[in-house]
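Enquirer: Right, I'll just put the structure down here and ask away after.
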Amino acid sequence: HKHSPSAIRFGLTGKGNFTGVEGEDVVFGPGDMVLTPNDAWHNHGTVGGEQAVNLSVLDLPLVETLHAVHFDHKYTEMVDGKEVEKKVQTARYPGDYSQRIYGEGGLMPRFVDHKRGGGLSSPMYVYRWEKMEAVLDAHKDWDGDPHEGIVIDYVDPTTGGPVFHTINFYVQMLRPGERTLPQRETASLLLAPFRGNGHSIIDGKRYDWNQFDTIAIPGGSWVEHVNGSSSEPVIFFGATDAPTQKALLLYKRWGRNQAGDLLRLV
Ligand SMILES: [Fe+2]
């Protein structure tokens, strides 16, 4: 099926999560992110007969609010010149297509069509954990941002912007013992601790969290994050509706410095 809401799946446990998207059959494991964008045909399942859990994040509430939801369940392929309805799509790209075409930042093959699916989102449908982990590791000793630590965004390789027009996805690392300075933004955030444990202070209230919890931070809240470990990093998988707010010129962000002064950041 396909639909106007865009979705991602982020692997949590098991190596056999499966998503077929626009003819690319993707098997994915912990930390891998797979897109099923606005108007892209997809089907889900598992391979290998073992349980696999993923976190799904959709812009459905926004698209619903805008009365723009559309679903299409009639998937067809051309067989011998005839249109035939099918339950599962036939793979027409190699399973590692996204990595082979888009997997090297800053380098772009010219000989393929970058308008995949509805042509409305990133044509890179799989972001592997291995690459993200290498980038995090390469920057673990940088100062980072005092309000956010080390944040790496997932981007559409053809634009450098967010993978969807509605949601931006990112990974946030807090180094051992790191505590972020207070920050407040108009965007709403979803944070899923993928590694480590600690607590967040949201509008003055403490919330403790562990691996695989989900933290919802409503827009307008003051937030601080604390890594509870002095030896292990915290890694959050994050989602924000900032792109929608930026498109509507509604996005703002503030912070406080060590002295407690209010700063306008965006
Ligand atoms: Fe779907």
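All residue names refer to the structure tokens as shown: chains lettered A, B, ... in order, residues numbered from 1 in each chain, ligands numbered from 1 in order.
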What parts of range 73-155 of chain A does DSSP call helix (DSSP H, G or I)? I'd like the answer as a list of chain:residue names.

Expert: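 Assigned to helix (DSSP H, G or I), within range 73-155 of chain A: A:Tyr97, A:Ser98, A:Gln99, A:Arg100, A:Ile101, A:Tyr102, A:Trp129, A:Glu130, A:Lys131, A:Met132, A:Glu133, A:Ala134, A:Val135, A:Leu136, A:Asp137, A:Ala138.
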
Enquirer: Could you save the residues just selected, with N, CA and C atoms, as a short mmCIF file (atom, residue, chain, number, x, y, z; two decimals), in the first residue's frame?

Expert:
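Below you can see selection_9.cif, which holds the result:
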```cif
data_model
loop_
_atom_site.label_atom_id
_atom_site.label_comp_id
_atom_site.auth_asym_id
_atom_site.auth_seq_id
_atom_site.Cartn_x
_atom_site.Cartn_y
_atom_site.Cartn_z
N TYR A 97 20.70 -0.81 -2.72
CA TYR A 97 20.66 0.33 -3.65
C TYR A 97 20.89 1.67 -2.93
N SER A 98 20.18 1.90 -1.82
CA SER A 98 20.30 3.19 -1.12
C SER A 98 21.74 3.46 -0.69
N GLN A 99 22.43 2.40 -0.21
CA GLN A 99 23.82 2.59 0.24
C GLN A 99 24.75 2.81 -0.95
N ARG A 100 24.51 2.05 -2.04
CA ARG A 100 25.42 2.15 -3.20
C ARG A 100 25.32 3.49 -3.90
N ILE A 101 24.10 4.02 -4.01
CA ILE A 101 23.91 5.28 -4.73
C ILE A 101 24.16 6.49 -3.82
N TYR A 102 23.67 6.41 -2.57
CA TYR A 102 23.68 7.61 -1.72
C TYR A 102 24.55 7.49 -0.47
N TRP A 129 23.05 2.00 10.54
CA TRP A 129 23.61 2.37 11.84
C TRP A 129 25.14 2.45 11.82
N GLU A 130 25.73 1.51 11.08
CA GLU A 130 27.19 1.44 10.99
C GLU A 130 27.79 2.81 10.62
N LYS A 131 27.17 3.50 9.65
CA LYS A 131 27.68 4.80 9.19
C LYS A 131 27.45 5.87 10.26
N MET A 132 26.25 5.86 10.84
CA MET A 132 25.92 6.84 11.88
C MET A 132 26.87 6.68 13.06
N GLU A 133 27.10 5.44 13.46
CA GLU A 133 27.96 5.17 14.60
C GLU A 133 29.39 5.67 14.34
N ALA A 134 29.86 5.50 13.09
CA ALA A 134 31.21 5.96 12.74
C ALA A 134 31.31 7.48 12.84
N VAL A 135 30.25 8.19 12.41
CA VAL A 135 30.26 9.66 12.48
C VAL A 135 30.21 10.11 13.94
N LEU A 136 29.38 9.45 14.76
CA LEU A 136 29.32 9.79 16.19
C LEU A 136 30.68 9.57 16.85
N ASP A 137 31.27 8.44 16.53
CA ASP A 137 32.55 8.09 17.13
C ASP A 137 33.64 9.10 16.75
N ALA A 138 33.59 9.53 15.48
CA ALA A 138 34.61 10.48 14.99
C ALA A 138 34.50 11.84 15.68
#
```

Enquirer: Please identify all protein, DNA and RNA residues within 12 Å of ligand 1, counting only C-alpha atoms and all ligand atoms, and report them as JSON, numbers by chain.

Expert: {"A": [1, 2, 3, 4, 5, 6, 7, 8, 9, 19, 20, 21, 35, 36, 37, 38, 39, 40, 41, 42, 43, 44, 45, 56, 57, 58, 59, 60, 69, 70, 71, 72, 73]}

Enquirer: What is the distance between CA of Gly16 in chain A and CA of Gly103 in chain A, in Å to one decimal?

Expert: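 Atom-to-atom, CA of Gly16 in chain A and CA of Gly103 in chain A are spaced 21.2 Å apart.
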
Enquirer: Within 10 Å of range 188-200 of chain A, which residues of range 29-144 of chain A show up? Give each one with its shortest atom-to-atom distance in Å (one decimal) and the two atoms involved, counting only C-alpha atoms, rows by chain then rising residue number, as CSV.

Expert:
```
residue,atom,partner,partner_atom,distance
A:Pro30,CA,A:Phe194,CA,9.0
A:Gly31,CA,A:Phe194,CA,7.8
A:Leu55,CA,A:Ala192,CA,8.7
A:Val57,CA,A:Leu190,CA,8.9
```
